[in-house]
>>> print(open('input.cif').read())   # mmCIF, C-alpha atoms
data_work
loop_
_atom_site.label_atom_id
_atom_site.label_comp_id
_atom_site.auth_asym_id
_atom_site.auth_seq_id
_atom_site.Cartn_x
_atom_site.Cartn_y
_atom_site.Cartn_z
CA MET A 1 0.00 0.00 0.00
CA HIS A 2 2.89 2.34 0.82
CA LEU A 3 4.41 1.63 -2.60
CA GLN A 4 1.11 2.48 -4.26
CA TYR A 5 0.93 5.68 -2.24
CA ARG A 6 4.42 6.68 -3.38
CA ALA A 7 3.71 5.79 -6.98
CA PHE A 8 0.44 7.63 -7.44
CA PHE A 9 0.63 10.57 -5.02
CA GLN A 10 3.01 13.44 -4.43
CA ALA A 11 2.93 14.27 -0.72
CA ARG A 12 2.83 18.03 -1.30
CA TYR A 13 -0.26 17.66 -3.49
CA VAL A 14 -2.00 15.42 -0.95
CA PHE A 15 -1.24 18.12 1.61
CA THR A 16 -2.62 20.78 -0.75
CA ILE A 17 -5.88 18.88 -1.25
CA MET A 18 -6.37 18.17 2.45
CA ALA A 19 -5.43 21.71 3.52
CA THR A 20 -7.84 23.11 0.94
CA LEU A 21 -10.63 20.92 2.28
CA GLY A 22 -9.67 21.89 5.84
CA MET A 23 -9.95 25.59 5.01
CA ALA A 24 -13.29 24.82 3.37
CA MET A 25 -14.53 23.19 6.57
CA ALA A 26 -13.31 26.12 8.68
CA PHE A 27 -15.02 28.76 6.54
CA ALA A 28 -18.21 26.74 6.08
CA MET A 29 -18.63 26.46 9.84
CA ARG A 30 -17.94 30.14 10.50
CA ASN A 31 -20.13 31.43 7.64
CA CYS A 32 -23.16 29.13 7.63
CA LEU A 33 -24.66 31.34 10.34
CA SER A 34 -24.87 34.25 7.86
CA LEU A 35 -27.70 32.50 6.02
CA VAL A 36 -29.18 30.70 9.03
CA ILE A 37 -29.66 33.98 10.88
CA THR A 38 -31.99 35.25 8.14
CA LYS A 39 -34.38 32.45 9.17
CA LEU A 40 -34.03 33.03 12.90
CA VAL A 41 -35.29 36.63 12.86
CA PRO A 42 -38.61 37.96 11.54
CA ASP A 43 -38.76 39.33 8.00
CA PRO A 44 -39.73 43.02 8.35
CA ASP A 45 -41.93 42.73 5.25
CA GLU A 46 -43.79 39.67 6.52
CA LYS A 47 -47.09 40.37 8.22
CA PRO A 48 -47.80 38.54 11.48
CA GLY A 49 -49.57 35.25 10.92
CA ASN A 50 -48.51 35.01 7.26
CA SER A 51 -45.66 32.56 7.84
CA THR A 52 -46.29 29.25 6.09
CA HIS A 53 -44.27 27.29 8.63
CA GLN A 54 -44.06 27.35 12.39
CA GLU A 55 -40.47 28.58 12.52
CA ILE A 56 -38.59 29.84 15.55
CA LYS A 57 -38.15 33.62 15.40
CA PHE A 58 -36.01 35.69 17.73
CA ALA A 59 -36.39 39.44 18.27
CA TRP A 60 -32.74 40.20 17.51
CA ASP A 61 -32.36 43.67 16.04
CA GLU A 62 -29.71 44.44 13.40
CA GLU A 63 -27.18 45.60 15.98
CA THR A 64 -27.59 42.38 17.98
CA GLN A 65 -27.18 40.31 14.83
CA GLY A 66 -23.99 42.22 14.10
CA ILE A 67 -22.63 41.39 17.57
CA ILE A 68 -23.49 37.70 17.10
CA LEU A 69 -21.77 37.53 13.70
CA GLY A 70 -18.76 39.51 14.94
CA ALA A 71 -18.24 37.53 18.17
CA PHE A 72 -16.45 34.79 16.26
CA TYR A 73 -13.77 37.23 15.09
CA ALA A 74 -13.25 38.64 18.58
CA GLY A 75 -12.31 35.13 19.71
CA TYR A 76 -10.42 34.48 16.48
CA LEU A 77 -8.08 37.36 17.31
CA VAL A 78 -7.05 35.84 20.66
CA THR A 79 -5.21 32.77 19.33
CA GLN A 80 -3.47 34.19 16.25
CA ILE A 81 -0.03 34.70 17.80
CA PRO A 82 -0.20 31.58 20.02
CA GLY A 83 -1.19 29.61 16.91
CA GLY A 84 1.79 30.91 14.94
CA TYR A 85 4.21 30.25 17.82
CA LEU A 86 2.94 26.72 18.52
CA SER A 87 2.98 25.73 14.87
CA GLU A 88 6.57 26.96 14.40
CA ARG A 89 7.75 25.16 17.53
CA PHE A 90 5.86 21.89 17.26
CA GLY A 91 4.74 21.66 13.63
CA GLY A 92 1.62 22.88 11.88
CA LYS A 93 -0.16 19.53 11.54
CA TYR A 94 -1.59 19.45 15.04
CA THR A 95 -2.41 23.14 15.53
CA PHE A 96 -4.12 23.26 12.13
CA GLY A 97 -6.10 20.06 12.70
CA LEU A 98 -7.08 20.74 16.30
CA GLY A 99 -8.22 24.24 15.39
CA ILE A 100 -10.73 22.82 12.93
CA LEU A 101 -11.74 19.99 15.27
CA SER A 102 -12.57 22.43 18.08
CA THR A 103 -14.59 24.56 15.65
CA ALA A 104 -16.53 21.43 14.63
CA ILE A 105 -17.39 20.64 18.25
CA PHE A 106 -18.65 24.18 18.93
CA THR A 107 -20.62 24.12 15.66
CA LEU A 108 -22.38 20.92 16.75
CA LEU A 109 -23.25 22.61 20.06
CA SER A 110 -24.69 25.73 18.39
CA PRO A 111 -28.39 24.66 18.26
CA PHE A 112 -28.34 24.12 22.02
CA PHE A 113 -27.12 27.69 22.67
CA ILE A 114 -29.40 29.61 20.31
CA ARG A 115 -32.24 31.21 22.26
CA GLU A 116 -34.07 34.51 22.71
CA ASN A 117 -31.34 35.77 25.04
CA PRO A 118 -28.43 36.03 22.58
CA TRP A 119 -25.56 36.03 25.06
CA PRO A 120 -25.08 32.26 25.47
CA PHE A 121 -24.74 31.99 21.69
CA ILE A 122 -22.47 35.05 21.52
CA ILE A 123 -20.16 33.38 24.07
CA LEU A 124 -20.19 30.14 22.09
CA ARG A 125 -19.32 31.97 18.87
CA PHE A 126 -16.46 33.69 20.70
CA ALA A 127 -15.17 30.29 21.86
CA GLU A 128 -15.51 28.96 18.31
CA GLY A 129 -13.34 31.82 17.10
CA VAL A 130 -10.73 31.07 19.77
CA GLY A 131 -10.52 27.49 18.50
CA GLU A 132 -10.23 28.44 14.83
CA GLY A 133 -7.72 31.23 15.44
CA THR A 134 -4.78 28.79 15.16
CA VAL A 135 -5.76 27.62 11.68
CA LEU A 136 -4.36 30.27 9.34
CA PRO A 137 -1.00 30.86 11.10
CA SER A 138 -0.54 27.08 11.17
CA LEU A 139 -1.35 26.85 7.48
CA TYR A 140 1.42 29.32 6.65
CA THR A 141 3.90 27.34 8.74
CA LEU A 142 2.92 24.27 6.73
CA LEU A 143 3.12 26.14 3.41
CA ALA A 144 6.68 27.19 4.23
CA GLN A 145 7.51 23.46 4.32
CA TRP A 146 5.40 22.14 1.46
CA ALA A 147 5.18 24.93 -1.16
CA PRO A 148 8.43 25.22 -3.18
CA PRO A 149 9.14 28.66 -4.69
CA SER A 150 8.26 27.55 -8.23
CA GLU A 151 4.79 26.46 -7.05
CA LYS A 152 4.26 28.87 -4.16
CA SER A 153 1.53 31.05 -5.67
CA VAL A 154 -0.49 28.10 -6.99
CA ILE A 155 -0.30 25.97 -3.83
CA THR A 156 -0.92 28.91 -1.49
CA SER A 157 -3.83 30.32 -3.49
CA THR A 158 -5.35 26.83 -3.87
CA THR A 159 -5.36 26.21 -0.13
CA LEU A 160 -6.76 29.67 0.56
CA LEU A 161 -9.43 29.12 -2.08
CA GLY A 162 -10.69 26.46 0.28
CA GLY A 163 -12.09 29.33 2.33
CA LEU A 164 -14.26 30.42 -0.58
CA LEU A 165 -15.16 26.80 -1.30
CA GLY A 166 -16.37 26.56 2.29
CA THR A 167 -18.31 29.81 2.01
CA LEU A 168 -19.91 28.53 -1.18
CA ALA A 169 -20.82 25.27 0.54
CA ALA A 170 -22.21 27.22 3.49
CA ASN A 171 -24.46 29.24 1.17
CA MET A 172 -25.56 26.45 -1.17
CA VAL A 173 -26.00 23.62 1.33
CA SER A 174 -27.56 25.90 3.94
CA GLY A 175 -29.89 27.37 1.32
CA ILE A 176 -31.11 23.95 0.20
CA ILE A 177 -31.58 22.70 3.77
CA LEU A 178 -33.40 25.87 4.87
CA GLU A 179 -35.64 25.72 1.80
CA TYR A 180 -36.67 22.07 2.05
CA VAL A 181 -36.43 21.44 5.81
CA PRO A 182 -38.22 24.60 6.98
CA ASN A 183 -38.86 23.88 10.66
CA SER A 184 -35.65 22.30 11.93
CA GLY A 185 -33.42 22.95 8.93
CA TRP A 186 -31.43 25.66 10.69
CA GLN A 187 -30.32 23.07 13.28
CA LEU A 188 -29.45 20.54 10.58
CA VAL A 189 -27.11 23.06 8.94
CA PHE A 190 -24.87 23.07 12.02
CA TYR A 191 -24.96 19.28 12.37
CA VAL A 192 -24.01 18.66 8.72
CA PHE A 193 -20.96 20.91 8.71
CA GLY A 194 -19.85 19.79 12.18
CA VAL A 195 -19.95 16.09 11.33
CA VAL A 196 -18.25 16.47 7.94
CA SER A 197 -15.46 18.47 9.61
CA ILE A 198 -14.82 15.73 12.15
CA ILE A 199 -14.54 13.19 9.31
CA TRP A 200 -12.02 15.50 7.60
CA TYR A 201 -10.00 15.68 10.83
CA VAL A 202 -9.60 11.90 10.97
CA TRP A 203 -8.23 11.79 7.40
CA TRP A 204 -5.99 14.81 8.04
CA GLN A 205 -4.30 12.95 10.89
CA ILE A 206 -3.73 9.93 8.67
CA LEU A 207 -2.53 11.60 5.47
CA CYS A 208 -0.71 14.82 6.41
CA TYR A 209 2.46 15.72 8.30
CA SER A 210 4.19 18.88 9.47
CA ASP A 211 7.18 18.61 7.13
CA PRO A 212 8.66 16.29 4.49
CA GLN A 213 11.24 14.84 6.92
CA SER A 214 8.57 13.47 9.30
CA HIS A 215 6.36 12.13 6.48
CA PRO A 216 6.54 8.29 6.50
CA PHE A 217 5.25 7.79 2.93
CA ILE A 218 6.98 10.53 0.94
CA SER A 219 9.27 9.31 -1.85
CA GLU A 220 12.98 10.01 -1.68
CA GLU A 221 12.70 11.73 -5.05
CA GLU A 222 10.14 14.22 -3.78
CA LYS A 223 12.02 14.73 -0.52
CA LEU A 224 15.21 15.57 -2.41
CA TYR A 225 13.28 17.87 -4.76
CA LEU A 226 11.81 19.81 -1.85
CA ALA A 227 15.18 19.96 -0.07
CA LYS A 228 16.79 21.38 -3.20
CA GLU A 229 13.98 23.87 -3.88
CA MET A 230 13.52 25.07 -0.32
CA GLY A 231 17.02 24.88 1.09
CA ARG A 232 16.88 22.70 4.16
CA ILE A 233 14.22 20.20 4.97
CA GLU A 234 14.85 20.11 8.75
CA ARG A 235 15.05 23.84 9.39
CA LYS A 236 12.51 23.72 12.23
CA LYS A 237 14.93 21.82 14.44
CA ASP A 238 17.52 24.62 14.54
CA LEU A 239 15.17 27.57 14.14
CA LYS A 240 16.21 30.42 16.42
CA PRO A 241 13.69 32.18 18.70
CA THR A 242 11.20 34.33 16.81
CA PRO A 243 12.72 37.83 16.29
CA TRP A 244 9.59 39.58 17.49
CA LYS A 245 11.21 43.02 17.86
CA ARG A 246 12.41 43.00 14.26
CA ILE A 247 9.08 41.71 13.01
CA VAL A 248 6.92 44.27 14.83
CA THR A 249 9.20 47.16 13.79
CA SER A 250 9.32 46.07 10.13
CA LYS A 251 7.81 48.59 7.70
CA ALA A 252 7.11 45.75 5.26
CA VAL A 253 5.12 43.83 7.89
CA TRP A 254 3.01 46.85 8.83
CA ALA A 255 2.31 47.70 5.20
CA LEU A 256 1.08 44.12 4.83
CA VAL A 257 -1.05 44.49 7.98
CA VAL A 258 -2.73 47.61 6.55
CA ALA A 259 -3.32 45.89 3.21
CA SER A 260 -4.78 42.87 4.99
CA ILE A 261 -7.19 45.03 7.00
CA GLY A 262 -8.55 46.53 3.79
CA GLN A 263 -8.73 43.30 1.85
CA ASP A 264 -10.35 41.48 4.77
CA TRP A 265 -12.92 44.27 5.16
CA GLY A 266 -14.02 43.67 1.58
CA VAL A 267 -13.93 39.88 1.86
CA TYR A 268 -15.83 39.79 5.17
CA THR A 269 -18.43 42.22 3.87
CA ILE A 270 -19.08 39.83 0.99
CA THR A 271 -18.84 36.50 2.81
CA THR A 272 -20.48 37.46 6.13
CA ASP A 273 -22.92 40.28 5.35
CA PHE A 274 -23.69 40.08 1.64
CA PRO A 275 -26.13 37.14 2.07
CA LYS A 276 -28.22 39.49 4.23
CA TYR A 277 -28.21 42.12 1.48
CA ILE A 278 -29.32 39.54 -1.06
CA ASN A 279 -32.09 38.43 1.31
CA ASP A 280 -33.23 41.85 2.57
CA VAL A 281 -32.86 44.05 -0.53
CA LEU A 282 -32.79 41.78 -3.56
CA LYS A 283 -35.36 39.42 -1.96
CA TYR A 284 -33.72 36.28 -3.31
CA SER A 285 -34.79 32.95 -1.88
CA PRO A 286 -32.15 30.85 -0.07
CA VAL A 287 -31.75 28.71 -3.21
CA GLU A 288 -31.36 31.79 -5.46
CA ASN A 289 -28.91 33.21 -2.93
CA GLY A 290 -26.90 30.01 -3.10
CA THR A 291 -27.04 29.96 -6.91
CA LEU A 292 -25.63 33.48 -7.20
CA SER A 293 -22.88 32.56 -4.76
CA SER A 294 -22.07 29.39 -6.71
CA VAL A 295 -21.67 31.33 -9.97
CA SER A 296 -19.48 33.95 -8.25
CA TYR A 297 -17.25 31.44 -6.51
CA THR A 298 -16.91 29.19 -9.53
CA SER A 299 -15.63 32.21 -11.41
CA ILE A 300 -13.25 33.03 -8.54
CA PHE A 301 -11.86 29.48 -8.55
CA VAL A 302 -11.17 29.51 -12.28
CA VAL A 303 -9.63 33.00 -12.36
CA SER A 304 -7.55 32.32 -9.24
CA TRP A 305 -5.95 29.19 -10.67
CA ILE A 306 -5.21 30.94 -13.96
CA SER A 307 -3.85 34.09 -12.31
CA SER A 308 -1.75 32.21 -9.72
CA GLY A 309 -0.29 29.99 -12.44
CA LEU A 310 0.55 33.09 -14.46
CA CYS A 311 2.12 34.67 -11.36
CA ASP A 312 4.42 31.68 -10.78
CA TRP A 313 5.31 31.58 -14.49
CA LEU A 314 6.23 35.27 -14.54
CA LEU A 315 8.41 34.93 -11.47
CA ARG A 316 9.97 31.62 -12.50
CA HIS A 317 11.09 33.11 -15.83
CA LYS A 318 12.15 36.40 -14.16
CA ILE A 319 9.88 38.41 -16.47
CA THR A 320 8.92 40.75 -13.63
CA SER A 321 9.58 41.16 -9.91
CA ALA A 322 7.44 39.78 -7.10
CA ALA A 323 6.63 43.34 -6.00
CA VAL A 324 5.24 44.32 -9.41
CA VAL A 325 3.03 41.28 -9.90
CA ARG A 326 1.77 41.08 -6.30
CA LYS A 327 0.97 44.81 -6.05
CA SER A 328 -0.74 44.76 -9.45
CA TYR A 329 -2.84 41.77 -8.39
CA ALA A 330 -3.71 43.45 -5.07
CA THR A 331 -4.95 46.54 -6.91
CA ILE A 332 -7.12 44.51 -9.28
CA SER A 333 -8.55 42.64 -6.29
CA THR A 334 -9.52 45.66 -4.20
CA VAL A 335 -10.56 48.15 -6.89
CA GLY A 336 -12.38 45.53 -8.96
CA LEU A 337 -14.39 44.21 -6.01
CA SER A 338 -15.43 47.67 -4.83
CA ALA A 339 -16.39 48.87 -8.32
CA GLY A 340 -18.44 45.78 -9.15
CA ILE A 341 -20.45 45.79 -5.90
CA LEU A 342 -21.03 49.56 -5.97
CA ILE A 343 -22.32 49.49 -9.54
CA ALA A 344 -24.58 46.52 -8.73
CA SER A 345 -26.11 48.42 -5.79
CA TYR A 346 -27.42 51.14 -8.14
CA LEU A 347 -28.95 48.79 -10.72
CA HIS A 348 -32.51 47.47 -10.83
CA SER A 349 -32.27 44.73 -13.43
CA SER A 350 -31.75 41.35 -11.74
CA LEU A 351 -29.61 40.21 -14.66
CA LEU A 352 -27.31 43.26 -14.50
CA VAL A 353 -27.11 43.11 -10.71
CA GLY A 354 -26.04 39.48 -10.88
CA LEU A 355 -23.52 40.24 -13.65
CA PHE A 356 -21.75 43.02 -11.72
CA VAL A 357 -21.83 41.06 -8.46
CA VAL A 358 -20.09 38.20 -10.26
CA LEU A 359 -17.58 40.53 -11.95
CA GLY A 360 -16.79 42.30 -8.69
CA THR A 361 -16.41 39.20 -6.54
CA THR A 362 -14.34 37.48 -9.24
CA CYS A 363 -11.72 40.19 -8.82
CA MET A 364 -11.10 38.84 -5.31
CA ALA A 365 -9.33 35.93 -7.04
CA PHE A 366 -6.26 38.10 -7.65
CA GLY A 367 -5.85 38.67 -3.91
CA PHE A 368 -4.87 35.07 -3.27
CA SER A 369 -1.62 35.44 -5.25
CA SER A 370 -0.78 38.86 -3.84
CA ILE A 371 -1.37 39.94 -0.27
CA LYS A 372 -2.02 36.38 0.92
CA VAL A 373 1.38 35.15 -0.36
CA THR A 374 3.49 38.09 0.77
CA ALA A 375 4.08 36.73 4.29
CA LEU A 376 5.93 33.80 2.69
CA ASP A 377 7.92 36.24 0.54
CA LEU A 378 9.02 38.23 3.58
CA SER A 379 10.02 35.32 5.81
CA PRO A 380 9.54 31.60 5.09
CA ASN A 381 11.15 30.75 8.46
CA TYR A 382 8.76 32.87 10.51
CA SER A 383 5.77 32.99 8.18
CA GLY A 384 3.50 31.57 10.89
CA SER A 385 4.34 34.40 13.29
CA VAL A 386 4.20 37.05 10.57
CA MET A 387 0.81 35.78 9.41
CA ALA A 388 -0.39 35.63 13.03
CA ILE A 389 0.23 39.38 13.33
CA VAL A 390 -1.11 40.20 9.87
CA ASN A 391 -4.20 38.03 10.14
CA GLY A 392 -4.71 38.78 13.83
CA ILE A 393 -5.00 42.51 13.20
CA GLY A 394 -6.61 42.06 9.79
CA CYS A 395 -9.36 39.88 11.20
CA SER A 396 -10.51 42.83 13.28
CA SER A 397 -12.34 43.66 10.07
CA GLY A 398 -14.39 40.51 10.56
CA MET A 399 -15.13 41.56 14.13
CA PHE A 400 -16.25 45.10 13.30
CA THR A 401 -17.77 44.67 9.83
CA PRO A 402 -20.98 42.86 10.94
CA TYR A 403 -21.50 45.36 13.76
CA VAL A 404 -20.94 48.38 11.49
CA VAL A 405 -23.28 46.89 8.88
CA GLY A 406 -25.90 46.32 11.58
CA VAL A 407 -25.64 49.93 12.77
CA LEU A 408 -25.76 51.33 9.23
CA THR A 409 -28.73 49.22 8.06
CA PRO A 410 -31.41 49.40 10.79
CA ASN A 411 -34.17 49.46 8.15
CA ARG A 412 -32.44 47.07 5.71
CA SER A 413 -32.99 49.49 2.83
CA ALA A 414 -31.08 49.70 -0.45
CA GLU A 415 -29.96 53.25 0.40
CA GLU A 416 -28.49 52.12 3.72
CA TRP A 417 -26.64 49.25 2.03
CA ARG A 418 -25.10 51.64 -0.50
CA ILE A 419 -23.46 53.47 2.41
CA VAL A 420 -22.03 50.10 3.51
CA PHE A 421 -20.58 49.49 0.05
CA TRP A 422 -19.13 53.02 -0.26
CA LEU A 423 -17.45 52.55 3.11
CA MET A 424 -16.06 49.21 1.92
CA ALA A 425 -14.68 50.88 -1.22
CA LEU A 426 -13.03 53.68 0.77
CA ILE A 427 -11.32 51.26 3.16
CA THR A 428 -10.18 48.71 0.57
CA VAL A 429 -8.82 51.22 -1.94
CA SER A 430 -7.04 53.47 0.60
CA THR A 431 -5.32 50.55 2.37
CA ASN A 432 -4.21 49.14 -0.98
CA PHE A 433 -2.69 52.53 -1.83
CA ILE A 434 -0.58 52.34 1.36
CA PHE A 435 0.57 48.83 0.40
CA MET A 436 1.54 50.07 -3.07
CA ILE A 437 3.81 52.74 -1.54
CA PHE A 438 5.29 51.04 1.53
CA GLY A 439 4.81 47.32 0.88
CA SER A 440 7.66 44.91 0.10
CA CYS A 441 7.83 41.41 -1.33
CA SER A 442 11.55 40.84 -0.67
CA LEU A 443 13.11 38.38 1.78
CA GLN A 444 13.75 40.23 5.04
CA SER A 445 17.12 40.24 6.81
CA TRP A 446 15.63 38.84 10.02
CA ASN A 447 14.37 35.71 8.23
CA ASP A 448 17.67 33.87 8.93
CA LEU A 449 19.54 35.31 11.91
CA ASP A 450 23.21 34.39 12.26
CA ASP A 451 23.45 35.53 15.86
CA ASP A 452 21.36 35.70 18.98
CA ASP A 453 20.51 39.36 18.52
CA ASP A 454 16.74 39.85 18.48
CA SER A 455 16.95 43.63 18.45
#
>>> encode(input="input.cif", output="structure tokens")
Amino acid sequence: MHLQYRAFFQARYVFTIMATLGMAMAFAMRNCLSLVITKLVPDPDEKPGNSTHQEIKFAWDEETQGIILGAFYAGYLVTQIPGGYLSERFGGKYTFGLGILSTAIFTLLSPFFIRENPWPFIILRFAEGVGEGTVLPSLYTLLAQWAPPSEKSVITSTTLLGGLLGTLAANMVSGIILEYVPNSGWQLVFYVFGVVSIIWYVWWQILCYSDPQSHPFISEEEKLYLAKEMGRIERKKDLKPTPWKRIVTSKAVWALVVASIGQDWGVYTITTDFPKYINDVLKYSPVENGTLSSVSYTSIFVVSWISSGLCDWLLRHKITSAAVVRKSYATISTVGLSAGILIASYLHSSLLVGLFVVLGTTCMAFGFSSIKVTALDLSPNYSGSVMAIVNGIGCSSGMFTPYVVGVLTPNRSAEEWRIVFWLMALITVSTNFIFMIFGSCSLQSWNDLDDDDDS
């Protein structure tokens, strides 16, 4: 069986597939609530007594809903740096896997905590965020071991696309369940994603390892290839203490933090809050909501793979620098998303609205080969810690976005939502401008310290 494994599978591609599915599970569990919550609160346009089904309805106003959706990200922030540190010290396999396993357990518990008083559920969502906070820093520690430079953009963007795959699954599967299991479907949504994630965890433990050296099934040919491409295969064993002072005083790191805040604001607005816009303003059914999301995300997947492949090709053949291609991609991602969504918010034709939503969200594909890869460009050795800082501060967007949206849309009107989208455009474009000026994609001097100086 081991010989068959070696013959038919490359370990780095097995890792890529499993990490992609793991990210899908993580994002599906965090985002399925965005659609479920539309069925847990009364529709303002629905007259009392007109509901076809005896559904549970909670009197959560828009601000309360924003707090519930944002609680996850408040917890998510807590374990970013611990997740990066633990994954660098002990390997990313366990911190990545356990982060998703804990999220699965809290997801399965969700139906038992949802009640008229929102605070038990808010606390649970906070705890869920704490569990999942280790996932992304751990992923970057793993990518530093499994993504050779010639394949870095493709492997990194593919694993991160798992997040959109999970969001798509959350929208489509949740929409179908809520449509055809009207009374208890909202509970079933949590059970489905929780159970599937636990199954993934079992296979992750069997198939994936923290680095090529500890992998029992990897071929010698692939191990030598990775050692040649990436320098040293056992670098974790002699890795010096994390140079925190140099990292937190690095202009390149802070430019990346600012860029991440802006990009995450746009992404979280789309993944967390946009389903509410589609439900409240466009009046799409859950199935129509899921269909629009499926078209958008399918387009993102295709464009991301093409653009990331092109990125690696350009860099491999030294046609342009990493800074040029990554900053160009970042600009397309932020400006394109904002323009598409803003234009869609002023249109009345369903066909044109759908077209510009798809065009705008598709531009997000370019972000996976730009800002999301830059932490690996700056420091492969400490990419987990760098990404912990970048994602830890950047995810504050996920914490504040739902609350801000709730405050700005008390009446759920189209005019109120346009303010939300203009704010998104202002934040994403201005932060990208800062990245264009101050950002770097070059290997930093503190990536490989030759002495014990951490100053």
>>> closest_residue(input="input.cif", among="A:Thr271, A:Ser219, A:Thr20, A:Ser153", to="A:Trp204", atoms="all atoms listed in the file")
A:Thr20
>>> axis_aligned_box(input="input.cif", around="stretch 138-145 of chain A", padding_each_side="4 Å", output="lines of an AutoDock Vina configuration file")
center_x = 3.1
center_y = 26.4
center_z = 7.3
size_x = 16.9
size_y = 13.9
size_z = 15.8
>>> residues_around(input="input.cif", residues="stretch 413-415 of chain A", least_positions_apart="3", cutoff="12 Å", atoms="only C-alpha atoms", output="PDB file with C-alpha atoms, in the coordinates of the input")
ATOM      1  CA  PRO A  44     -39.730  43.020   8.350  1.00  0.00           C
ATOM      2  CA  ASP A  45     -41.930  42.730   5.250  1.00  0.00           C
ATOM      3  CA  LYS A 276     -28.220  39.490   4.230  1.00  0.00           C
ATOM      4  CA  TYR A 277     -28.210  42.120   1.480  1.00  0.00           C
ATOM      5  CA  ILE A 278     -29.320  39.540  -1.060  1.00  0.00           C
ATOM      6  CA  ASN A 279     -32.090  38.430   1.310  1.00  0.00           C
ATOM      7  CA  ASP A 280     -33.230  41.850   2.570  1.00  0.00           C
ATOM      8  CA  VAL A 281     -32.860  44.050  -0.530  1.00  0.00           C
ATOM      9  CA  LEU A 282     -32.790  41.780  -3.560  1.00  0.00           C
ATOM     10  CA  LYS A 283     -35.360  39.420  -1.960  1.00  0.00           C
ATOM     11  CA  LEU A 342     -21.030  49.560  -5.970  1.00  0.00           C
ATOM     12  CA  ALA A 344     -24.580  46.520  -8.730  1.00  0.00           C
ATOM     13  CA  SER A 345     -26.110  48.420  -5.790  1.00  0.00           C
ATOM     14  CA  TYR A 346     -27.420  51.140  -8.140  1.00  0.00           C
ATOM     15  CA  LEU A 347     -28.950  48.790 -10.720  1.00  0.00           C
ATOM     16  CA  HIS A 348     -32.510  47.470 -10.830  1.00  0.00           C
ATOM     17  CA  VAL A 405     -23.280  46.890   8.880  1.00  0.00           C
ATOM     18  CA  GLY A 406     -25.900  46.320  11.580  1.00  0.00           C
ATOM     19  CA  LEU A 408     -25.760  51.330   9.230  1.00  0.00           C
ATOM     20  CA  THR A 409     -28.730  49.220   8.060  1.00  0.00           C
ATOM     21  CA  PRO A 410     -31.410  49.400  10.790  1.00  0.00           C
ATOM     22  CA  ARG A 418     -25.100  51.640  -0.500  1.00  0.00           C
ATOM     23  CA  ILE A 419     -23.460  53.470   2.410  1.00  0.00           C
ATOM     24  CA  VAL A 420     -22.030  50.100   3.510  1.00  0.00           C
ATOM     25  CA  PHE A 421     -20.580  49.490   0.050  1.00  0.00           C
ATOM     26  CA  TRP A 422     -19.130  53.020  -0.260  1.00  0.00           C
TER      27      TRP A 422
END
>>> residues_around(input="input.cif", residues="stretch 142-145 of chain A", least_positions_apart="3", cutoff="7 Å", atoms="all atoms listed in the file", output="PyMOL selection string")
chain A and resi 92+138-139+156+210-211+376+380
>>> residues_around(input="input.cif", residues="A:Met424", least_positions_apart="5", cutoff="9 Å", atoms="only C-alpha atoms", output="PyMOL selection string")
chain A and resi 262+265-266+269+338+419+429
>>> residues_around(input="input.cif", residues="A:Met387", least_positions_apart="2", cutoff="8 Å", atoms="all atoms listed in the file", output="list in words")
Gly84, Leu136, Pro137, Tyr140, Ala375, Ser383, Gly384, Ser385, Ile389, Val390, Asn391 and Gly392 of chain A
>>> residues_around(input="input.cif", residues="A:Ile37", least_positions_apart="4", cutoff="8 Å", atoms="only C-alpha atoms", output="number ranges by chain")
A: 33, 41, 65
>>> write_last_selection(input="input.cif", atoms="C-alpha atoms", output="PDB file, in the coordinates of the input")
ATOM      1  CA  LEU A  33     -24.660  31.340  10.340  1.00  0.00           C
ATOM      2  CA  VAL A  41     -35.290  36.630  12.860  1.00  0.00           C
ATOM      3  CA  GLN A  65     -27.180  40.310  14.830  1.00  0.00           C
TER       4      GLN A  65
END
>>> atom_distance(input="input.cif", atom1="atom CA of A:Leu160", atom2="atom CA of A:Ala19")
8.6 Å
>>> resolve_selection(input="input.cif", expression="the PyMOL selection byres ((chain A and resi 261) around 10)", output="list in words")
Leu256, Val257, Val258, Ala259, Ser260, Gly262, Gln263, Asp264, Trp265, Gly266, Val267, Val390, Asn391, Gly392, Ile393, Gly394, Cys395, Ser396, Ser397, Gly398, Ile427, Thr428, Thr431 and Asn432 of chain A
>>> atom_distance(input="input.cif", atom1="atom CA of A:Ser214", atom2="atom CA of A:Pro148")
17.1 Å
>>> resolve_selection(input="input.cif", expression="the PyMOL selection byres ((chain A and resi 203) around 12)", output="ChimeraX atom specification")
/A:14-15,17-19,21-22,93,97,101,196-202,204-209
>>> closest_residue(input="input.cif", among="A:Gly99, A:Pro275, A:Pro402, A:Pro243", to="A:Thr134", atoms="only C-alpha atoms")
A:Gly99
>>> closest_residue(input="input.cif", among="A:Ile114, A:Leu165, A:Ala26, A:Cys363", to="A:Tyr76", atoms="only C-alpha atoms")
A:Ala26
>>> atom_distance(input="input.cif", atom1="atom CA of A:Asp273", atom2="atom CA of A:Phe113")
21.8 Å
>>> resolve_selection(input="input.cif", expression="the PyMOL selection byres ((chain A and resi 174) around 12)", output="number ranges by chain")
A: 28-29, 31-39, 166-173, 175-182, 184-193, 275, 285-291, 293
>>> closest_residue(input="input.cif", among="A:Pro42, A:Pro111, A:Gly83, A:Gly163", to="A:Met23", atoms="all atoms listed in the file")
A:Gly163
